[in-house]
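Source file: protein.cif (mmCIF, C-alpha atoms)
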```cif
data_protein
loop_
_atom_site.label_atom_id
_atom_site.label_comp_id
_atom_site.auth_asym_id
_atom_site.auth_seq_id
_atom_site.Cartn_x
_atom_site.Cartn_y
_atom_site.Cartn_z
CA MET A 1 0.00 0.00 0.00
CA MET A 2 2.90 2.30 -0.82
CA VAL A 3 1.38 3.93 -3.90
CA PRO A 4 -0.81 6.47 -2.03
CA ILE A 5 2.17 7.44 0.14
CA ALA A 6 4.35 7.87 -2.95
CA LEU A 7 1.65 9.99 -4.58
CA MET A 8 1.34 12.24 -1.54
CA ILE A 9 5.12 12.70 -1.34
CA LEU A 10 5.23 13.46 -5.06
CA GLY A 11 2.43 16.01 -4.76
CA ALA A 12 4.08 17.66 -1.75
CA LEU A 13 7.41 17.94 -3.58
CA ALA A 14 5.75 19.49 -6.62
CA ALA A 15 3.78 21.94 -4.47
CA ALA A 16 6.89 23.01 -2.54
CA THR A 17 9.49 23.19 -5.31
CA ALA A 18 7.54 24.49 -8.33
CA PRO A 19 6.93 28.03 -6.94
CA ARG A 20 10.61 28.37 -6.01
CA LEU A 21 11.85 27.18 -9.38
CA MET A 22 9.46 29.44 -11.27
CA ALA A 23 10.34 32.43 -9.07
CA ARG A 24 14.05 31.99 -9.85
CA SER A 25 13.45 31.81 -13.59
CA ASP A 26 13.31 34.83 -15.86
CA TRP A 27 11.84 33.09 -18.91
CA PRO A 28 8.12 33.40 -17.90
CA ASP A 29 8.21 37.10 -18.83
CA ARG A 30 9.54 36.14 -22.26
CA GLU A 31 6.96 33.40 -22.82
CA PRO A 32 3.86 34.16 -20.71
CA VAL A 33 1.59 31.73 -22.58
CA LEU A 34 4.08 28.91 -22.06
CA ALA A 35 4.46 29.89 -18.40
CA LEU A 36 0.68 29.73 -17.95
CA TRP A 37 0.70 26.25 -19.45
CA VAL A 38 3.50 25.13 -17.11
CA TRP A 39 1.67 26.48 -14.08
CA GLN A 40 -1.54 24.71 -15.10
CA CYS A 41 0.34 21.43 -15.55
CA VAL A 42 1.96 21.78 -12.11
CA VAL A 43 -1.34 22.48 -10.38
CA ALA A 44 -3.02 19.66 -12.32
CA GLY A 45 -0.23 17.32 -11.23
CA VAL A 46 -0.67 18.24 -7.55
CA LEU A 47 -4.45 17.81 -7.73
CA LEU A 48 -4.08 14.54 -9.61
CA CYS A 49 -1.77 13.19 -6.90
CA CYS A 50 -4.42 13.93 -4.30
CA ILE A 51 -7.26 12.43 -6.35
CA LEU A 52 -5.39 9.21 -7.13
CA ALA A 53 -4.19 8.82 -3.55
CA MET A 54 -7.75 9.32 -2.31
CA SER A 55 -9.12 6.73 -4.73
CA LEU A 56 -6.55 4.07 -3.81
CA SER A 57 -6.88 4.74 -0.07
CA ALA A 58 -10.65 4.51 -0.25
CA ALA A 59 -10.37 1.29 -2.27
CA ALA A 60 -8.09 -0.15 0.40
CA ALA A 61 -10.36 0.89 3.25
CA TRP A 62 -13.78 -0.04 1.87
CA GLU A 63 -14.81 -2.94 -0.32
CA SER A 64 -17.73 -0.95 -1.72
CA VAL A 65 -15.26 1.51 -3.26
CA ARG A 66 -12.79 -1.12 -4.46
CA SER A 67 -15.02 -2.57 -7.15
CA PRO A 68 -15.82 0.75 -8.88
CA VAL A 69 -12.16 1.83 -8.75
CA PHE A 70 -10.67 -1.32 -10.23
CA GLY A 71 -13.69 -2.43 -12.26
CA PRO A 72 -13.04 -5.52 -14.37
CA ALA A 73 -9.28 -5.53 -13.65
CA PRO A 74 -7.77 -9.02 -13.30
CA ARG A 75 -7.28 -10.36 -9.79
CA VAL A 76 -3.51 -10.27 -10.19
CA VAL A 77 -3.66 -6.52 -10.78
CA VAL A 78 -5.71 -5.92 -7.63
CA GLU A 79 -3.32 -8.07 -5.61
CA ALA A 80 -0.35 -6.08 -6.90
CA TYR A 81 -1.57 -3.04 -4.96
CA ALA A 82 -1.65 -5.02 -1.67
CA LEU A 83 -4.97 -3.51 -0.69
CA GLN A 84 -5.55 -6.13 2.00
CA ALA A 85 -2.43 -4.99 3.85
CA HIS A 86 -3.72 -1.52 4.51
CA GLY A 87 -3.72 -0.05 7.99
CA PRO A 88 -6.33 2.09 9.69
CA TRP A 89 -4.70 5.19 8.20
CA ALA A 90 -6.05 4.36 4.72
CA GLY A 91 -9.61 5.31 5.60
CA VAL A 92 -8.44 8.41 7.47
CA LEU A 93 -6.34 9.52 4.50
CA ALA A 94 -9.23 8.92 2.11
CA LEU A 95 -11.60 10.96 4.26
CA LEU A 96 -9.10 13.80 4.62
CA LEU A 97 -8.52 13.96 0.86
CA ALA A 98 -12.24 13.69 0.16
CA GLY A 99 -12.81 16.59 2.53
CA GLY A 100 -10.14 18.56 0.68
CA GLY A 101 -11.88 17.82 -2.61
CA ALA A 102 -15.24 18.92 -1.22
CA TRP A 103 -13.65 22.10 0.15
CA THR A 104 -12.12 22.79 -3.28
CA GLY A 105 -15.53 22.42 -4.90
CA LEU A 106 -17.04 24.73 -2.29
CA ALA A 107 -14.31 27.33 -2.85
CA LEU A 108 -14.83 27.18 -6.61
CA THR A 109 -18.58 27.52 -6.20
CA ARG A 110 -18.11 30.51 -3.90
CA GLU A 111 -15.71 32.11 -6.38
CA VAL A 112 -18.19 31.65 -9.24
CA CYS A 113 -21.01 33.12 -7.15
CA ASP A 114 -18.83 36.07 -6.12
CA ALA A 115 -17.82 36.64 -9.76
CA ARG A 116 -21.46 36.65 -10.83
CA ALA A 117 -22.29 39.10 -8.06
CA ARG A 118 -19.44 41.38 -9.16
CA ARG A 119 -20.61 41.23 -12.77
CA ARG A 120 -24.16 42.01 -11.69
CA ARG A 121 -22.98 45.01 -9.67
CA SER A 122 -20.87 46.19 -12.62
CA ARG A 123 -23.84 45.91 -14.98
CA ASP A 124 -26.06 47.79 -12.53
CA GLU A 125 -23.44 50.53 -12.21
CA LEU A 126 -23.13 50.68 -15.98
CA ARG A 127 -26.90 51.06 -16.38
CA LEU A 128 -26.83 53.83 -13.77
CA ARG A 129 -24.00 55.72 -15.47
CA ALA A 130 -25.20 55.04 -19.02
CA PRO A 131 -28.99 54.71 -18.85
CA LEU A 132 -31.02 53.80 -21.91
CA LEU A 133 -32.96 56.57 -23.58
CA PRO A 134 -36.77 56.31 -23.75
CA GLY A 135 -37.65 53.72 -26.36
CA GLU A 136 -34.06 52.49 -26.68
CA GLU A 137 -33.49 48.74 -26.54
CA PRO A 138 -30.32 47.17 -25.10
CA ALA A 139 -28.26 46.06 -28.09
CA GLY A 140 -25.28 44.53 -26.29
CA GLU A 141 -22.69 46.92 -27.72
CA ARG A 142 -19.09 45.71 -27.57
CA LEU A 143 -17.82 49.22 -26.64
CA VAL A 144 -19.42 51.52 -24.09
CA VAL A 145 -18.21 55.08 -23.44
CA LEU A 146 -18.89 56.76 -20.09
CA GLU A 147 -18.36 60.33 -18.97
CA GLY A 148 -15.40 60.47 -16.61
CA ASP A 149 -12.51 62.73 -15.66
CA ARG A 150 -10.22 59.78 -14.90
CA PRO A 151 -8.81 57.66 -17.74
CA GLU A 152 -10.15 54.16 -17.14
CA ALA A 153 -10.79 51.05 -19.18
CA TRP A 154 -12.21 47.73 -18.06
CA ARG A 155 -14.13 44.80 -19.46
CA LEU A 156 -17.39 43.22 -18.41
CA HIS A 157 -17.58 39.43 -18.71
CA HIS A 158 -20.95 37.98 -19.65
CA SER A 159 -22.56 36.42 -22.71
CA SER A 160 -21.48 39.43 -24.78
CA PRO A 161 -18.23 40.87 -23.32
CA GLN A 162 -18.07 44.64 -23.30
CA LEU A 163 -15.16 47.06 -23.14
CA VAL A 164 -15.97 50.14 -21.07
CA LEU A 165 -13.99 53.36 -21.60
CA THR A 166 -14.25 56.78 -20.04
CA THR A 167 -14.22 59.95 -22.12
CA SER A 168 -10.94 60.92 -20.46
CA ALA A 169 -9.37 57.68 -21.74
CA LEU A 170 -10.63 58.41 -25.24
CA ARG A 171 -9.06 61.87 -25.12
CA ARG A 172 -5.73 60.42 -24.01
CA LEU A 173 -5.53 57.44 -26.37
CA LYS A 174 -4.34 58.61 -29.73
CA GLY A 175 -4.64 56.89 -33.09
CA ARG A 176 -3.77 53.21 -32.92
CA GLN A 177 -3.46 53.22 -29.13
CA LEU A 178 -7.21 52.71 -28.74
CA ASP A 179 -7.11 49.84 -31.26
CA ALA A 180 -4.22 48.30 -29.30
CA LEU A 181 -6.19 48.56 -26.05
CA ILE A 182 -9.19 46.88 -27.66
CA ALA A 183 -6.92 44.11 -29.03
CA HIS A 184 -5.51 43.64 -25.52
CA GLU A 185 -8.99 43.10 -24.07
CA GLN A 186 -9.97 40.84 -26.96
CA GLY A 187 -6.92 38.73 -26.16
CA HIS A 188 -8.29 38.19 -22.65
CA VAL A 189 -11.71 37.23 -23.97
CA ARG A 190 -10.48 34.83 -26.66
CA ALA A 191 -8.13 33.00 -24.28
CA ARG A 192 -10.86 32.81 -21.59
CA HIS A 193 -8.49 34.22 -19.01
CA ASP A 194 -11.46 34.89 -16.71
CA LEU A 195 -11.98 31.13 -16.17
CA LEU A 196 -8.31 30.63 -15.34
CA LEU A 197 -8.40 33.53 -12.90
CA HIS A 198 -11.51 32.13 -11.18
CA CYS A 199 -9.91 28.69 -10.72
CA ALA A 200 -6.66 30.16 -9.41
CA SER A 201 -8.50 32.42 -6.95
CA ALA A 202 -10.67 29.54 -5.74
CA LEU A 203 -7.69 27.28 -5.02
CA ALA A 204 -5.76 30.04 -3.26
CA ALA A 205 -8.78 31.03 -1.16
CA GLY A 206 -9.60 27.42 -0.29
CA PHE A 207 -6.04 26.44 0.66
CA PRO A 208 -4.12 29.59 1.62
CA GLN A 209 -1.44 27.56 3.45
CA ILE A 210 -0.35 25.72 0.29
CA PRO A 211 2.31 27.83 -1.46
CA VAL A 212 1.75 26.48 -4.95
CA PHE A 213 -1.87 27.66 -5.05
CA ALA A 214 -1.07 31.16 -3.77
CA ALA A 215 1.81 31.46 -6.24
CA PHE A 216 -0.43 30.15 -9.03
CA ARG A 217 -3.01 32.87 -8.34
CA ASP A 218 -0.43 35.66 -8.19
CA GLN A 219 1.39 34.54 -11.32
CA VAL A 220 -1.80 33.99 -13.32
CA HIS A 221 -2.92 37.58 -12.63
CA ARG A 222 0.42 38.83 -13.92
CA LEU A 223 0.95 36.45 -16.84
CA VAL A 224 -2.49 36.92 -18.40
CA GLU A 225 -1.75 40.65 -18.70
CA LEU A 226 1.60 39.95 -20.34
CA ALA A 227 -0.02 37.48 -22.73
CA ALA A 228 -2.70 40.02 -23.69
CA ASP A 229 0.01 42.66 -24.18
CA ASP A 230 1.75 40.33 -26.62
CA VAL A 231 -1.50 39.78 -28.53
CA ALA A 232 -1.94 43.54 -28.97
CA SER A 233 1.74 44.17 -29.74
CA ARG A 234 1.76 41.62 -32.56
CA ARG A 235 -0.95 43.63 -34.33
CA PHE A 236 -0.06 47.21 -33.44
CA GLY A 237 3.50 47.15 -32.17
CA ARG A 238 5.04 47.14 -28.71
CA LEU A 239 5.51 50.91 -28.59
CA THR A 240 1.82 51.52 -29.27
CA ILE A 241 0.53 49.35 -26.43
CA ALA A 242 3.26 50.69 -24.10
CA LEU A 243 2.17 54.28 -24.80
CA ALA A 244 -1.46 53.29 -24.21
CA LEU A 245 -0.53 51.86 -20.80
CA VAL A 246 1.35 55.05 -19.92
CA GLU A 247 -1.54 57.28 -20.97
CA LEU A 248 -4.04 55.29 -18.92
CA ASN A 249 -1.95 55.01 -15.75
CA GLU A 250 0.41 57.97 -15.47
CA ASP A 251 -2.01 59.97 -13.29
CA ARG A 252 -2.26 57.12 -10.77
CA GLY A 253 1.31 57.47 -9.57
CA VAL A 254 2.32 53.98 -10.63
CA PHE A 255 5.51 55.17 -12.33
CA GLY A 256 7.01 56.45 -9.10
CA PRO A 257 7.23 54.93 -5.60
CA CYS A 258 4.08 52.85 -5.31
CA PRO A 259 2.76 49.74 -3.55
CA SER A 260 3.97 46.42 -4.92
CA GLN A 261 0.55 45.55 -6.33
CA LEU A 262 0.77 48.61 -8.60
CA ALA A 263 4.33 47.92 -9.78
CA GLN A 264 3.03 45.60 -12.49
CA VAL A 265 2.25 48.45 -14.91
CA PRO A 266 5.79 49.92 -15.12
CA GLN A 267 7.18 46.39 -15.38
CA ARG A 268 4.87 45.73 -18.32
CA VAL A 269 5.93 48.97 -20.00
CA ASP A 270 9.63 48.17 -19.51
CA ARG A 271 9.07 44.70 -20.94
CA LEU A 272 7.35 46.12 -24.01
CA LEU A 273 10.02 48.76 -24.63
CA ALA A 274 12.96 46.40 -24.08
CA PRO A 275 11.73 42.95 -25.15
CA ALA A 276 13.89 39.90 -24.52
CA ALA A 277 14.41 37.38 -27.29
CA ARG A 278 11.71 34.73 -27.49
CA PHE A 279 12.43 31.03 -27.41
CA THR A 280 12.81 29.16 -30.66
CA PRO A 281 9.80 27.05 -31.73
CA GLY A 282 11.76 23.91 -30.96
CA ARG A 283 12.51 25.01 -27.41
CA ARG A 284 8.90 26.00 -26.81
CA LEU A 285 7.81 22.59 -28.05
CA ARG A 286 10.27 20.81 -25.76
CA MET A 287 9.19 22.81 -22.72
CA THR A 288 5.53 22.18 -23.53
CA ALA A 289 6.21 18.45 -23.68
CA CYS A 290 8.16 18.54 -20.42
CA ALA A 291 5.28 20.33 -18.70
CA VAL A 292 2.91 17.57 -19.79
CA LEU A 293 5.12 15.09 -17.92
CA VAL A 294 4.23 16.73 -14.59
CA PRO A 295 0.62 15.43 -14.51
CA ALA A 296 1.73 12.27 -16.35
CA VAL A 297 4.11 11.19 -13.57
CA PRO A 298 1.32 10.56 -10.99
CA LEU A 299 -0.47 8.40 -13.55
CA LEU A 300 2.69 6.39 -14.16
CA VAL A 301 3.27 5.93 -10.43
CA THR A 302 -0.31 4.75 -10.04
CA PHE A 303 -0.32 2.29 -12.94
CA ILE A 304 3.17 0.82 -12.57
CA PRO A 305 2.16 -1.91 -10.02
CA GLY A 306 -0.75 -3.04 -12.20
CA LEU A 307 1.28 -3.01 -15.41
CA SER A 308 4.11 -4.88 -13.71
CA ALA A 309 1.68 -7.56 -12.56
CA LEU A 310 0.49 -8.11 -16.15
CA THR A 311 3.99 -8.59 -17.57
#
```
Transcribe the structure of this file into structure tokens.
Amino acid sequence: MMVPIALMILGALAAATAPRLMARSDWPDREPVLALWVWQCVVAGVLLCCILAMSLSAAAAWESVRSPVFGPAPRVVVEAYALQAHGPWAGVLALLLAGGGAWTGLALTREVCDARARRRRSRDELRLRAPLLPGEEPAGERLVVLEGDRPEAWRLHHSSPQLVLTTSALRRLKGRQLDALIAHEQGHVRARHDLLLHCASALAAGFPQIPVFAAFRDQVHRLVELAADDVASRRFGRLTIALALVELNEDRGVFGPCPSQLAQVPQRVDRLLAPAARFTPGRRLRMTACAVLVPAVPLLVTFIPGLSALT
């Protein structure tokens, strides 16, 4: 009954070492889409370790679970996992992991409900600031302009995503800068970054003591902006989107001494103005394949006893 223990050790190692390794690397800023993929594979690997360990522990503790888990597997395969030799800890471990899974589902549900409430409040505020004229029907415009002295731009996520701009932002954004800003927001929508942000926030809120989930949330918030910047820069140039960021944020004091949560904007501008060389397609392909191995390793660890028994 060593497989669940091996899976838990593997998951703990991945959860402890991945944030440190990623924090020491400088390549995520060069390849934000690849970095997002690596982070997703790491988190998937950690969750998969927990799910597989829970399934095997429950199968060892309760006969009623063993049959659904192993199904029509030959008897020699079931015996290879030494389920009969389990101790009382197997049921405890299964219950603990099941509770963690239920808590994860609860955290995700709460995050979805909170996101819907935020969207509803944003729509209500938008209706208040931009009311419909008598006889006017809501047409679901992609771009909404509001009166405002502060340059602001944000997007509303619902069935028909909308980009909201203030008149001050329109006065500041010149020429192709507005097109670059719209392309940036379209990059978020097309890549469904909102779903990734919801999942990352739910895991971090549900398990704040686990470093990998907190690091995943923080890095996802940063990397999705870099990825959307790259989408806009490929169409309109890095200088254009950098100037748009400056015009929208220079009055907020983010280009001087500012809190760490606001330092992302000048870092994005510096990255756009002094871009590092991207990886070659071959290197990106190799790193993508290596990232896939992270969730594949728990599957290999789980199936090795059964495959060995068949050979």
Skipping near chain neighbours, those fewer than 3 positions away, what residues fall within 9 Å of Met2 in chain A using all atoms listed in the file, listed as a short mmCIF file (atom, residue, chain, number, x, y, z; two decimals) with C-alpha atoms, in the frame of the given file?
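Result went into part02.cif, see below:
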```
data_model
loop_
_atom_site.label_atom_id
_atom_site.label_comp_id
_atom_site.auth_asym_id
_atom_site.auth_seq_id
_atom_site.Cartn_x
_atom_site.Cartn_y
_atom_site.Cartn_z
CA ILE A 5 2.17 7.44 0.14
CA ALA A 6 4.35 7.87 -2.95
CA LEU A 7 1.65 9.99 -4.58
CA TYR A 81 -1.57 -3.04 -4.96
CA ALA A 82 -1.65 -5.02 -1.67
#
```
Tell me which residues the PyMOL selection byres ((chain A and resi 219-227) around 7) grabs here, as a PDB file with C-alpha atoms, keeping the file's coordinate frame.
```pdb
ATOM      1  CA  PRO A  32       3.860  34.160 -20.710  1.00  0.00           C
ATOM      2  CA  VAL A  33       1.590  31.730 -22.580  1.00  0.00           C
ATOM      3  CA  LEU A  36       0.680  29.730 -17.950  1.00  0.00           C
ATOM      4  CA  HIS A 193      -8.490  34.220 -19.010  1.00  0.00           C
ATOM      5  CA  LEU A 197      -8.400  33.530 -12.900  1.00  0.00           C
ATOM      6  CA  ALA A 215       1.810  31.460  -6.240  1.00  0.00           C
ATOM      7  CA  PHE A 216      -0.430  30.150  -9.030  1.00  0.00           C
ATOM      8  CA  ARG A 217      -3.010  32.870  -8.340  1.00  0.00           C
ATOM      9  CA  ASP A 218      -0.430  35.660  -8.190  1.00  0.00           C
ATOM     10  CA  ALA A 228      -2.700  40.020 -23.690  1.00  0.00           C
ATOM     11  CA  ASP A 229       0.010  42.660 -24.180  1.00  0.00           C
ATOM     12  CA  ASP A 230       1.750  40.330 -26.620  1.00  0.00           C
ATOM     13  CA  VAL A 231      -1.500  39.780 -28.530  1.00  0.00           C
ATOM     14  CA  ARG A 268       4.870  45.730 -18.320  1.00  0.00           C
TER      15      ARG A 268
END
```
Figure out the distance between CA of Ser64 in chain A and CA of Leu310 in chain A, please, to one decimal in Å. 24.3 Å
Applying the PyMOL selection byres ((chain A and resi 112) around 12) to the file I just gave you, which residues come out? Please list them as a list of chain:residue names.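 The output of the PyMOL selection byres ((chain A and resi 112) around 12) on this file is A:Gly105, A:Leu106, A:Ala107, A:Leu108, A:Thr109, A:Arg110, A:Glu111, A:Cys113, A:Asp114, A:Ala115, A:Arg116, A:Ala117, A:Arg118, A:Arg119, A:Asp194, A:Leu195, A:Leu196, A:Leu197, A:His198, A:Cys199, A:Ala200, A:Ser201, A:Ala202.
Counting from CA of Glu31 in chain A, the distance to CA of Ala180 in chain A is 19.7 Å.
Here CA of Ala18 in chain A is placed at a distance of 7.0 Å from CA of Val212 in chain A.
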Env of Thr288 in chain A: 12 Å cut, atoms = only C-alpha atoms, seq-sep filter 6 positions within chain, self excluded. Answer as a list in words.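 Returned residues: Glu31, Val33, Leu34, Ala35, Leu36, Trp37, Val38, Trp39, Gln40, Cys41, Val42, Phe279, Pro281, Gly282 and Val294 of chain A.
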What residues come out when you apply the PyMOL selection byres ((chain A and resi 145-147) around 6) to this file, written as a PyMOL selection string? chain A and resi 144+148+164-167
For Leu170 in chain A, which of A:Ile51, A:Ala12, A:Val3, A:Ala244 is the closest residue, counting only C-alpha atoms? A:Ala244
Neighbours of Asp251 in chain A within 10 Å (all atoms listed in the file; same-chain residues fewer than 4 positions away dropped), as a list in words?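 Close residues of Asp251 in chain A: Arg150, Pro151, Val246, Glu247 and Phe255 of chain A.
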Taking into account all atoms listed in the file, which residue in the set A:Leu299, A:Val292, A:Val43, A:Ile241 is nearest to Leu272 in chain A?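 Between A:Leu299, A:Val292, A:Val43, A:Ile241, the residue approaching Leu272 in chain A most closely is A:Ile241.
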For Ala53 in chain A, work out the shell of residues within 12 Å, counting all atoms listed in the file and skipping chain neighbours fewer than 4 positions away, then give it as a VMD selection string. chain A and resid 1 to 11 46 to 49 57 to 60 69 90 to 98 101 298 to 299 301 to 302
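For the residues A:Gly100, A:Arg252, A:Arg271, A:Leu245, ranking by smallest atom-to-atom distance to Lys174 in chain A using only C-alpha atoms places A:Leu245 first.
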Closest of A:Val297, A:Ala232, A:Ala102, A:Leu248 to Ala14 in chain A - atom-to-atom distances counting all atoms listed in the file: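 Distance minimum relative to Ala14 in chain A lands on A:Val297.
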